[in-house]
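A.B. asks: Got final-v1.csv for you, CSV, C-alpha atoms and all ligand atoms:
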```
chain,number,residue,atom,x,y,z
H,1,MET,CA,-11.2,-1.1,8.3
H,2,ALA,CA,-10.1,0.5,11.6
H,3,ILE,CA,-9.1,-2.8,13.1
H,4,HIS,CA,-7.1,-3.7,10.1
H,5,ASP,CA,-5.3,-0.4,10.4
H,6,LEU,CA,-4.0,-1.6,13.8
H,7,LYS,CA,-2.1,-4.3,11.9
H,8,GLY,CA,-0.2,-1.7,10.0
H,9,SER,CA,0.6,0.3,13.2
H,10,LEU,CA,1.8,-2.8,14.9
H,11,ALA,CA,4.1,-3.6,12.0
H,12,VAL,CA,5.6,-0.2,12.4
H,13,ILE,CA,6.1,-0.7,16.2
H,14,ALA,CA,7.6,-4.2,15.6
H,15,GLY,CA,9.8,-2.9,12.8
H,16,GLN,CA,11.3,-0.1,14.9
H,17,ALA,CA,11.7,-2.3,17.9
H,18,LYS,CA,13.6,-4.9,15.8
H,19,LEU,CA,15.8,-2.2,14.3
H,20,LEU,CA,16.7,-1.0,17.9
H,21,ARG,CA,17.1,-4.6,19.1
H,22,ALA,CA,19.5,-5.4,16.3
H,23,GLY,CA,21.7,-2.4,17.4
H,24,LYS,CA,21.2,-0.7,14.1
H,25,LEU,CA,20.4,2.6,15.9
H,26,GLY,CA,23.2,2.4,18.4
H,27,PRO,CA,24.6,0.0,21.0
H,28,LEU,CA,22.3,-1.5,23.7
H,29,THR,CA,22.8,-2.9,27.2
H,30,GLU,CA,21.6,-6.5,27.7
H,31,GLU,CA,18.7,-5.2,29.8
H,32,GLN,CA,17.6,-2.9,27.0
H,33,ALA,CA,17.8,-5.7,24.4
H,34,GLY,CA,15.7,-7.9,26.6
H,35,ALA,CA,13.1,-5.2,27.0
H,36,LEU,CA,12.9,-4.8,23.2
H,37,ALA,CA,12.6,-8.5,22.7
H,38,ASP,CA,9.5,-8.3,25.0
H,39,VAL,CA,8.1,-5.5,22.9
H,40,VAL,CA,8.5,-7.6,19.7
H,41,MET,CA,6.9,-10.6,21.3
H,42,ALA,CA,3.9,-8.5,22.5
H,43,CYS,CA,3.5,-7.2,19.0
H,44,HIS,CA,3.3,-10.7,17.6
H,45,GLN,CA,0.8,-11.7,20.3
H,46,MET,CA,-1.3,-8.7,19.4
H,47,GLU,CA,-1.1,-9.6,15.7
H,48,ASP,CA,-2.7,-12.9,16.5
H,49,LYS,CA,-5.5,-11.3,18.5
H,50,ILE,CA,-6.2,-8.8,15.7
H,51,ALA,CA,-6.4,-11.7,13.2
H,52,ARG,CA,-9.0,-13.3,15.4
H,53,LEU,CA,-11.0,-10.1,15.6
H,54,LEU,CA,-10.9,-9.7,11.9
H,55,GLY,CA,-13.2,-12.6,11.3
H,56,PRO,CA,-15.8,-12.6,8.6
H,57,GLN,CA,-17.7,-9.9,10.5
H,58,ALA,CA,-15.1,-7.3,9.9
H,59,LYS,CA,-16.4,-4.4,7.7
H,60,VAL,CA,-14.7,-2.9,4.8
H,61,THR,CA,-18.0,-1.2,3.8
H,62,GLU,CA,-17.5,1.6,6.2
H,63,GLU,CA,-17.5,5.1,4.8
H,64,CYS,CA,-14.1,6.2,3.5
H,65,MET,CA,-14.0,10.0,3.6
H,66,PRO,CA,-10.4,11.3,3.2
H,67,VAL,CA,-9.6,14.6,4.9
H,68,THR,CA,-7.3,16.0,2.2
H,69,GLN,CA,-4.7,18.6,2.7
H,70,LYS,CA,-1.9,19.7,0.4
H,71,ALA,CA,1.2,17.8,1.5
H,72,ASP,CA,4.4,16.2,0.2
H,73,LEU,CA,3.8,12.7,-1.0
H,74,ARG,CA,7.6,12.2,-1.3
H,75,LYS,CA,8.0,12.8,2.4
H,76,CYS,CA,5.0,10.5,3.3
H,77,VAL,CA,6.6,7.7,1.2
H,78,LEU,CA,10.1,8.2,2.8
H,79,ASP,CA,8.7,8.4,6.3
H,80,THR,CA,6.6,5.3,5.8
H,81,PHE,CA,9.5,3.3,4.5
H,82,SER,CA,11.7,4.3,7.3
H,83,LEU,CA,9.1,3.0,9.8
H,84,LEU,CA,9.1,-0.4,8.1
H,85,ARG,CA,12.7,-0.8,7.1
H,86,GLY,CA,13.4,-2.8,10.3
H,87,GLU,CA,10.9,-5.5,9.2
H,88,PHE,CA,12.6,-5.7,5.8
H,89,ALA,CA,16.1,-5.9,7.2
H,90,GLU,CA,15.0,-8.6,9.7
H,91,GLN,CA,13.7,-10.7,6.8
H,92,GLY,CA,16.9,-10.4,4.9
H,93,LEU,CA,15.2,-8.5,2.0
H,94,GLU,CA,17.1,-6.1,-0.2
H,95,PHE,CA,15.3,-2.8,-0.5
H,96,GLU,CA,15.7,-0.3,-3.2
H,97,LEU,CA,14.2,3.2,-3.1
H,98,ASP,CA,13.9,5.2,-6.4
H,99,VAL,CA,12.1,8.4,-5.4
H,100,CYS,CA,12.0,11.6,-7.4
H,101,ALA,CA,14.4,14.3,-6.2
H,102,SER,CA,11.8,17.1,-5.6
H,103,PRO,CA,8.8,17.2,-3.3
H,104,LEU,CA,5.5,16.1,-4.9
H,105,ILE,CA,2.8,18.4,-3.4
H,106,LEU,CA,-0.8,17.3,-3.9
H,107,PRO,CA,-4.0,17.0,-1.8
H,108,PHE,CA,-4.2,13.8,0.1
H,109,ASP,CA,-5.1,12.3,3.5
H,110,GLN,CA,-1.8,11.5,4.9
H,111,ALA,CA,-2.9,8.9,7.4
H,112,MET,CA,-4.9,7.0,4.7
H,113,VAL,CA,-2.2,7.1,2.1
H,114,ARG,CA,0.3,6.0,4.6
H,115,GLN,CA,-2.1,3.0,5.3
H,116,VAL,CA,-2.1,2.2,1.6
H,117,LEU,CA,1.7,2.2,1.5
H,118,ILE,CA,1.9,0.1,4.6
H,119,ASN,CA,-0.6,-2.5,3.2
H,120,LEU,CA,1.4,-2.8,-0.1
H,121,LEU,CA,4.8,-2.9,1.6
H,122,GLU,CA,3.6,-5.5,4.1
H,123,ASN,CA,2.3,-7.6,1.3
H,124,ALA,CA,5.6,-7.3,-0.6
H,125,ARG,CA,7.5,-8.3,2.5
H,126,HIS,CA,5.1,-11.2,3.3
H,127,PHE,CA,5.1,-12.7,-0.2
H,128,THR,CA,8.8,-12.4,-0.9
H,129,PRO,CA,11.1,-15.0,0.5
H,130,ARG,CA,14.3,-14.3,2.5
H,131,GLY,CA,17.1,-12.9,0.2
H,132,GLY,CA,14.5,-11.4,-2.2
H,133,ARG,CA,14.2,-7.8,-3.4
H,134,VAL,CA,11.6,-5.1,-3.1
H,135,LYS,CA,11.7,-1.8,-4.9
H,136,LEU,CA,9.6,1.3,-4.2
H,137,THR,CA,9.4,4.0,-6.9
H,138,LEU,CA,7.7,7.4,-6.8
H,139,SER,CA,7.5,9.7,-9.7
H,140,PRO,CA,5.3,12.3,-11.3
H,141,GLU,CA,3.4,10.9,-14.3
H,142,PHE,CA,0.9,12.0,-16.9
H,143,TRP,CA,-2.4,10.1,-16.6
H,144,GLU,CA,-4.9,10.3,-19.4
H,145,ARG,CA,-8.2,9.2,-18.1
H,146,ARG,CA,-9.9,7.7,-21.1
H,147,SER,CA,-13.4,9.0,-20.8
H,148,SER,CA,-14.7,11.7,-23.1
H,149,ARG,CA,-17.3,12.6,-20.5
H,150,PHE,CA,-14.7,12.9,-17.9
H,151,ARG,CA,-12.4,15.0,-20.1
H,152,ALA,CA,-15.2,17.3,-21.1
H,153,ALA,CA,-16.0,17.9,-17.4
H,154,PHE,CA,-12.4,18.3,-16.4
H,155,ASP,CA,-12.5,22.0,-17.0
H,156,GLY,CA,-9.5,22.1,-19.3
H,157,ARG,CA,-7.1,21.5,-16.4
H,158,ASP,CA,-5.2,18.6,-18.0
H,159,THR,CA,-4.9,19.9,-21.5
H,160,LYS,CA,-1.1,20.2,-21.4
H,161,ALA,CA,-0.7,16.7,-22.6
H,162,HIS,CA,2.8,16.2,-21.4
H,163,THR,CA,2.7,17.9,-18.1
H,164,PRO,CA,2.6,15.4,-15.2
H,165,ASN,CA,-0.9,15.4,-13.6
H,166,CYS,CA,-0.5,12.7,-11.1
H,167,ALA,CA,2.0,11.0,-8.8
H,168,GLN,CA,2.6,7.3,-9.2
H,169,VAL,CA,3.9,4.9,-6.6
H,170,THR,CA,5.1,1.4,-7.6
H,171,ILE,CA,6.1,-1.4,-5.3
H,172,THR,CA,7.8,-4.2,-7.0
H,173,ASP,CA,8.9,-7.5,-5.4
H,174,SER,CA,10.7,-10.6,-6.4
H,175,GLY,CA,8.2,-12.8,-4.6
H,176,CYS,CA,6.0,-15.7,-5.4
H,177,GLY,CA,3.8,-13.7,-7.9
H,178,ILE,CA,0.1,-14.1,-8.7
H,179,ALA,CA,-1.6,-16.2,-11.3
H,180,ARG,CA,-3.1,-14.1,-14.1
H,181,GLU,CA,-6.7,-15.4,-13.3
H,182,ASN,CA,-6.3,-14.1,-9.7
H,183,LEU,CA,-4.9,-10.6,-10.5
H,184,GLU,CA,-8.3,-8.9,-10.3
H,185,ARG,CA,-9.5,-11.0,-7.4
H,186,VAL,CA,-6.7,-9.8,-5.1
H,187,PHE,CA,-8.7,-6.5,-4.5
H,188,GLU,CA,-11.8,-8.4,-3.4
H,189,ALA,CA,-12.5,-8.3,0.3
H,190,TYR,CA,-11.5,-11.6,2.1
H,191,TYR,CA,-9.7,-12.9,-0.9
H,192,THR,CA,-6.5,-14.4,0.6
H,193,THR,CA,-3.9,-17.0,-0.1
H,194,PRO,CA,-1.1,-17.9,2.3
H,195,ALA,CA,2.5,-17.1,1.4
H,196,PRO,CA,4.6,-20.2,1.2
H,197,GLY,CA,5.0,-21.7,4.6
H,198,GLN,CA,3.0,-19.0,6.4
H,199,MET,CA,-0.5,-18.5,7.9
H,200,PRO,CA,-3.1,-16.9,5.6
H,201,GLY,CA,-4.0,-13.2,6.2
H,202,CYS,CA,-7.4,-11.6,6.4
H,203,GLY,CA,-7.7,-10.7,2.7
H,204,LEU,CA,-8.5,-7.0,3.6
H,205,GLY,CA,-5.3,-5.1,3.0
H,206,LEU,CA,-5.8,-4.6,-0.8
H,207,ALA,CA,-9.6,-4.0,-0.6
H,208,ILE,CA,-8.9,-1.2,1.9
H,209,ALA,CA,-6.1,0.2,-0.2
H,210,GLN,CA,-8.4,0.3,-3.2
H,211,ARG,CA,-11.1,2.0,-1.3
H,212,ILE,CA,-8.7,4.7,-0.1
H,213,VAL,CA,-7.1,5.3,-3.5
H,214,ARG,CA,-10.5,5.5,-5.2
H,215,ALA,CA,-11.7,7.9,-2.5
H,216,HIS,CA,-8.8,10.1,-3.7
H,217,SER,CA,-10.0,9.8,-7.3
H,218,GLY,CA,-7.0,7.7,-8.0
H,219,LYS,CA,-6.4,4.3,-9.4
H,220,ILE,CA,-4.7,1.1,-8.1
H,221,TRP,CA,-3.7,-2.0,-10.1
H,222,ALA,CA,-1.4,-5.0,-10.1
H,223,GLU,CA,0.9,-6.7,-12.5
H,224,SER,CA,2.5,-10.0,-11.8
H,225,GLU,CA,4.3,-13.0,-13.1
H,226,PRO,CA,4.1,-16.2,-11.1
H,227,GLY,CA,7.5,-17.2,-9.8
H,228,VAL,CA,9.1,-13.9,-10.8
H,229,GLY,CA,7.3,-11.3,-8.7
H,230,SER,CA,4.6,-8.6,-8.5
H,231,SER,CA,4.2,-4.9,-9.0
H,232,PHE,CA,1.5,-2.9,-7.3
H,233,HIS,CA,0.9,0.6,-8.7
H,234,PHE,CA,-1.3,3.5,-7.6
H,235,ARG,CA,-1.8,7.0,-8.9
H,236,LEU,CA,-3.1,10.0,-7.2
H,237,PRO,CA,-4.2,13.1,-9.2
H,238,PHE,CA,-2.5,16.5,-8.5
H,239,VAL,CA,-5.9,18.1,-9.1
H,240,PRO,CA,-8.8,15.8,-8.1
H,241,PRO,CA,-11.7,15.9,-10.6
H,242,LEU,CA,-14.9,17.8,-9.8
H,243,PRO,CA,-17.4,15.6,-8.0
H,244,GLU,CA,-19.8,15.6,-10.9
H,245,ALA,CA,-17.1,14.5,-13.3
H,246,GLU,CA,-16.1,11.7,-11.0
H,247,PHE,CA,-19.7,10.6,-10.8
H,248,ALA,CA,-20.1,10.7,-14.6
H,249,MET,CA,-17.0,8.6,-14.9
H,250,ARG,CA,-17.6,6.1,-12.1
H,251,GLY,CA,-21.4,6.2,-12.1
H,252,PRO,CA,-23.4,3.0,-11.4
H,253,GLY,CA,-21.6,0.1,-13.2
H,254,ALA,CA,-18.8,2.3,-14.6
H,255,LYS,CA,-15.8,0.3,-15.4
H,256,GLU,CA,-12.4,1.2,-14.0
H,257,GLU,CA,-10.2,2.7,-16.8
H,258,GLN,CA,-6.7,1.7,-17.5
H,259,PRO,CA,-3.9,4.2,-17.1
H,260,ALA,CA,-2.4,5.5,-20.3
B,301,LIG,N1,3.0,-8.8,-3.3
B,301,LIG,C1,2.2,-9.9,-3.5
B,301,LIG,N2,2.7,-11.0,-4.0
B,301,LIG,C2,1.9,-12.1,-4.2
B,301,LIG,N3,0.6,-12.2,-3.8
B,301,LIG,C3,0.1,-11.1,-3.3
B,301,LIG,C4,0.9,-9.9,-3.1
B,301,LIG,N4,0.0,-8.9,-2.6
B,301,LIG,C5,-1.2,-9.5,-2.5
B,301,LIG,N5,-1.2,-10.8,-2.9
B,301,LIG,C6,-2.3,-11.7,-3.0
B,301,LIG,O1,-3.5,-11.0,-2.8
B,301,LIG,C7,-4.2,-11.5,-1.6
B,301,LIG,C8,-4.9,-10.4,-0.9
B,301,LIG,O2,-4.0,-9.4,-0.4
B,301,LIG,P1,-4.5,-8.6,0.9
B,301,LIG,O3,-3.4,-7.7,1.3
B,301,LIG,O4,-5.8,-8.0,0.6
B,301,LIG,O5,-4.8,-9.7,2.0
B,301,LIG,P2,-3.8,-10.5,2.9
B,301,LIG,O6,-2.4,-10.0,2.7
B,301,LIG,O7,-4.0,-12.0,2.5
B,301,LIG,O8,-4.3,-10.3,4.3
B,301,LIG,P3,-4.3,-8.9,5.2
B,301,LIG,O9,-5.7,-8.5,5.4
B,301,LIG,O10,-3.6,-9.3,6.4
B,301,LIG,O11,-3.6,-7.9,4.4
B,301,LIG,C9,-3.1,-12.1,-0.8
B,301,LIG,O12,-3.6,-13.1,0.1
B,301,LIG,C10,-2.3,-12.8,-1.9
B,301,LIG,O13,-2.9,-13.9,-2.5
B,302,MG,MG,-2.1,-7.9,3.0
```
Can you give me the file's structure in the form of structure tokens?
C.D. replies:
Amino acid sequence: MAIHDLKGSLAVIAGQAKLLRAGKLGPLTEEQAGALADVVMACHQMEDKIARLLGPQAKVTEECMPVTQKADLRKCVLDTFSLLRGEFAEQGLEFELDVCASPLILPFDQAMVRQVLINLLENARHFTPRGGRVKLTLSPEFWERRSSRFRAAFDGRDTKAHTPNCAQVTITDSGCGIARENLERVFEAYYTTPAPGQMPGCGLGLAIAQRIVRAHSGKIWAESEPGVGSSFHFRLPFVPPLPEAEFAMRGPGAKEEQPA
């Protein structure tokens, strides 16, 4: 997991360097542009090395213990996007942001949730051909978790049926899409298919994203239509359930529940 996180950080470094090199943040001297080209090249070399390190031995089974603090998810989303926008621009992708106007304050581990966003955005970029579109949406939602045991143990905190109780992020792309029979498999560790004309990845990004979201008592899922595009959604609760309630809901063999 930790090695895979390096890929996300590298994408950020490469993205910012590409933005600078393209002169999008101000004019450059020839020497400065040359130095930035070296930074981008070094990032690509390091990506190759990480891919080799992330062989079958890589672990996604490590403990995932979020250190949560109340923070603004809206800010986290906007900051993460601005780190990667250079990569999207470089690939000629149109990017649309549809983010709620007010802050969304909830308890979450900022580094981990940023990693989820990076993994999903990197996939959208990777699997969407030049000229395509990617949209990122953030909004407050109401999430009815359909488990009577869970509701009973939820302490009456979600009884106002129409008050938002979670934040939802959706990343939609106009890429190659995923066949219906593979939609659940995409969250399995090491499940990977190459994007058209590209090298295969490690198959860890979504497995890690799922572990992080679940460790926040949230839910992540995918929808897709081959040839049209994909949407990845995740929800994080404003008030995480009590540990016993979570155990009752997810106990051994418990099935993931669909969002309302
Ligand atoms: N936006 C998307 N569009 C189409 N297919 C996708 C998308 N996101 C994920 N997939 C499919 O799910 C698989 C698993 O994704 P995941 O992010 O876990 O691994 P990866 O991208 O292949 O490698 P990496 O570990 O470098 O992220 C992908 O290989 C691809 O088959
Ligand atoms: Mg990936």
A.B. asks: When you look at Ala167 of chain H with a cut-off of 10 Å (counting only C-alpha atoms), what residues show up, excluding the ones that are within fewer than 6 positions of it in the same chain? I need them as an mmCIF file with C-alpha atoms, in the coordinates of the input.
C.D. replies:
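Generated file (around17.cif):
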```
data_model
loop_
_atom_site.group_PDB
_atom_site.id
_atom_site.type_symbol
_atom_site.label_atom_id
_atom_site.label_comp_id
_atom_site.auth_asym_id
_atom_site.auth_seq_id
_atom_site.Cartn_x
_atom_site.Cartn_y
_atom_site.Cartn_z
ATOM 1 C CA LEU H 73 3.800 12.700 -1.000
ATOM 2 C CA ARG H 74 7.600 12.200 -1.300
ATOM 3 C CA LEU H 104 5.500 16.100 -4.900
ATOM 4 C CA ILE H 105 2.800 18.400 -3.400
ATOM 5 C CA LEU H 106 -0.800 17.300 -3.900
ATOM 6 C CA LEU H 138 7.700 7.400 -6.800
ATOM 7 C CA SER H 139 7.500 9.700 -9.700
ATOM 8 C CA PRO H 140 5.300 12.300 -11.300
ATOM 9 C CA GLU H 141 3.400 10.900 -14.300
ATOM 10 C CA PHE H 142 0.900 12.000 -16.900
ATOM 11 C CA TRP H 143 -2.400 10.100 -16.600
ATOM 12 C CA GLY H 218 -7.000 7.700 -8.000
ATOM 13 C CA PHE H 234 -1.300 3.500 -7.600
ATOM 14 C CA ARG H 235 -1.800 7.000 -8.900
ATOM 15 C CA LEU H 236 -3.100 10.000 -7.200
ATOM 16 C CA PRO H 237 -4.200 13.100 -9.200
ATOM 17 C CA PHE H 238 -2.500 16.500 -8.500
#
```
A.B. asks: So which residues touch Thr172 of chain H within 8 Å, counting only C-alpha atoms, skipping near sequence neighbours fewer than 6 positions away, as a list in words?
C.D. replies: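 Final neighbour list, sorted by chain and number: Ala124, Val134, Lys135, Leu136, Gly229, Ser230, Ser231 and Phe232 of chain H.
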A.B. asks: Using atom CA of Phe88 of chain H and atom CA of Arg133 of chain H as the two end points, give the distance in Å to one decimal.
C.D. replies: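 These atoms are spaced 9.6 Å apart.
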A.B. asks: Report as a PyMOL selection string which protein, DNA and RNA residues come within 6 Å of ligand LIG 301 (chain B), using all atoms listed in the file.
C.D. replies: chain H and resi 123-124+127+175-178+186+191-194+200-207+230
A.B. asks: Just to confirm, what's the straight-line distance from atom CA of Leu10 of chain H to atom CA of Val40 of chain H in Å (one decimal)?
C.D. replies: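 For atom CA of Leu10 of chain H relative to atom CA of Val40 of chain H, the distance reads 9.5 Å.
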A.B. asks: Report, in Å to a single decimal, how far apart atom CA of Met46 of chain H and atom CA of Gln91 of chain H are.
C.D. replies: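 Interatomic distance here is 19.7 Å.
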A.B. asks: Find the residues with any atom within 8 Å of (-1.5, -13.6, -13.0); use all atoms listed in the file and the coordinates as given in the file, and write the answer as a list in words.
C.D. replies: Gly177, Ile178, Ala179, Arg180, Glu181, Asn182, Leu183, Glu223, Ser224, Glu225 and Pro226 of chain H
A.B. asks: Which is closer to Val169 of chain H than all the others in H:Arg114, H:Arg130, H:His4, H:His44, using all atoms listed in the file?
C.D. replies: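 For Val169 of chain H, the nearest of the candidates is H:Arg114.
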A.B. asks: Smallest atom-to-atom distance to ligand MG 302 (chain B): which of H:Met65, H:Ala89, H:Ala11, H:Leu83, using all atoms listed in the file?
C.D. replies: H:Ala11
A.B. asks: Pick from H:Val113, H:Thr80, H:Gly92, H:Asp5: nearest to ligand MG 302 (chain B), with all atoms listed in the file counted?
C.D. replies: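 Among the listed residues, H:Asp5 lies closest to ligand MG 302 (chain B).
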A.B. asks: Which is closer to Ile220 of chain H than all the others in H:Gln45, H:Leu120, H:Lys70, H:Pro129, using all atoms listed in the file?
C.D. replies: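 Comparing H:Gln45, H:Leu120, H:Lys70, H:Pro129 against Ile220 of chain H, the winner is H:Leu120.
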A.B. asks: Out of H:Thr68, H:Asn119, H:Thr29, H:Thr170, which residue has the shortest atom-to-atom distance to ligand MG 302 (chain B) when counting only C-alpha atoms and all ligand atoms?
C.D. replies: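 Of the candidates, the smallest distance to ligand MG 302 (chain B) is held by H:Asn119.
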A.B. asks: Ranking H:Leu93, H:Ser174, H:Lys7, H:Phe108 by minimum distance to ligand MG 302 (chain B) and counting only C-alpha atoms and all ligand atoms, which one comes first?
C.D. replies: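 Of the candidates, the smallest distance to ligand MG 302 (chain B) is held by H:Lys7.
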A.B. asks: Neighbours of segment 15-26 of chain H within 10 Å (only C-alpha atoms; same-chain residues fewer than 5 positions away dropped), as a PDB file with C-alpha atoms, in the frame of the given file?
C.D. replies:
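Heads up, here's the output in selection-v6.pdb:
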```
ATOM      1  CA  SER H   9       0.600   0.300  13.200  1.00  0.00           C
ATOM      2  CA  LEU H  10       1.800  -2.800  14.900  1.00  0.00           C
ATOM      3  CA  GLN H  32      17.600  -2.900  27.000  1.00  0.00           C
ATOM      4  CA  ALA H  33      17.800  -5.700  24.400  1.00  0.00           C
ATOM      5  CA  GLY H  34      15.700  -7.900  26.600  1.00  0.00           C
ATOM      6  CA  ALA H  35      13.100  -5.200  27.000  1.00  0.00           C
ATOM      7  CA  LEU H  36      12.900  -4.800  23.200  1.00  0.00           C
ATOM      8  CA  ALA H  37      12.600  -8.500  22.700  1.00  0.00           C
ATOM      9  CA  ASP H  38       9.500  -8.300  25.000  1.00  0.00           C
ATOM     10  CA  VAL H  39       8.100  -5.500  22.900  1.00  0.00           C
ATOM     11  CA  VAL H  40       8.500  -7.600  19.700  1.00  0.00           C
ATOM     12  CA  CYS H  43       3.500  -7.200  19.000  1.00  0.00           C
ATOM     13  CA  SER H  82      11.700   4.300   7.300  1.00  0.00           C
ATOM     14  CA  LEU H  83       9.100   3.000   9.800  1.00  0.00           C
ATOM     15  CA  LEU H  84       9.100  -0.400   8.100  1.00  0.00           C
ATOM     16  CA  ARG H  85      12.700  -0.800   7.100  1.00  0.00           C
ATOM     17  CA  GLY H  86      13.400  -2.800  10.300  1.00  0.00           C
ATOM     18  CA  GLU H  87      10.900  -5.500   9.200  1.00  0.00           C
ATOM     19  CA  PHE H  88      12.600  -5.700   5.800  1.00  0.00           C
ATOM     20  CA  ALA H  89      16.100  -5.900   7.200  1.00  0.00           C
ATOM     21  CA  GLU H  90      15.000  -8.600   9.700  1.00  0.00           C
TER      22      GLU H  90
END
```
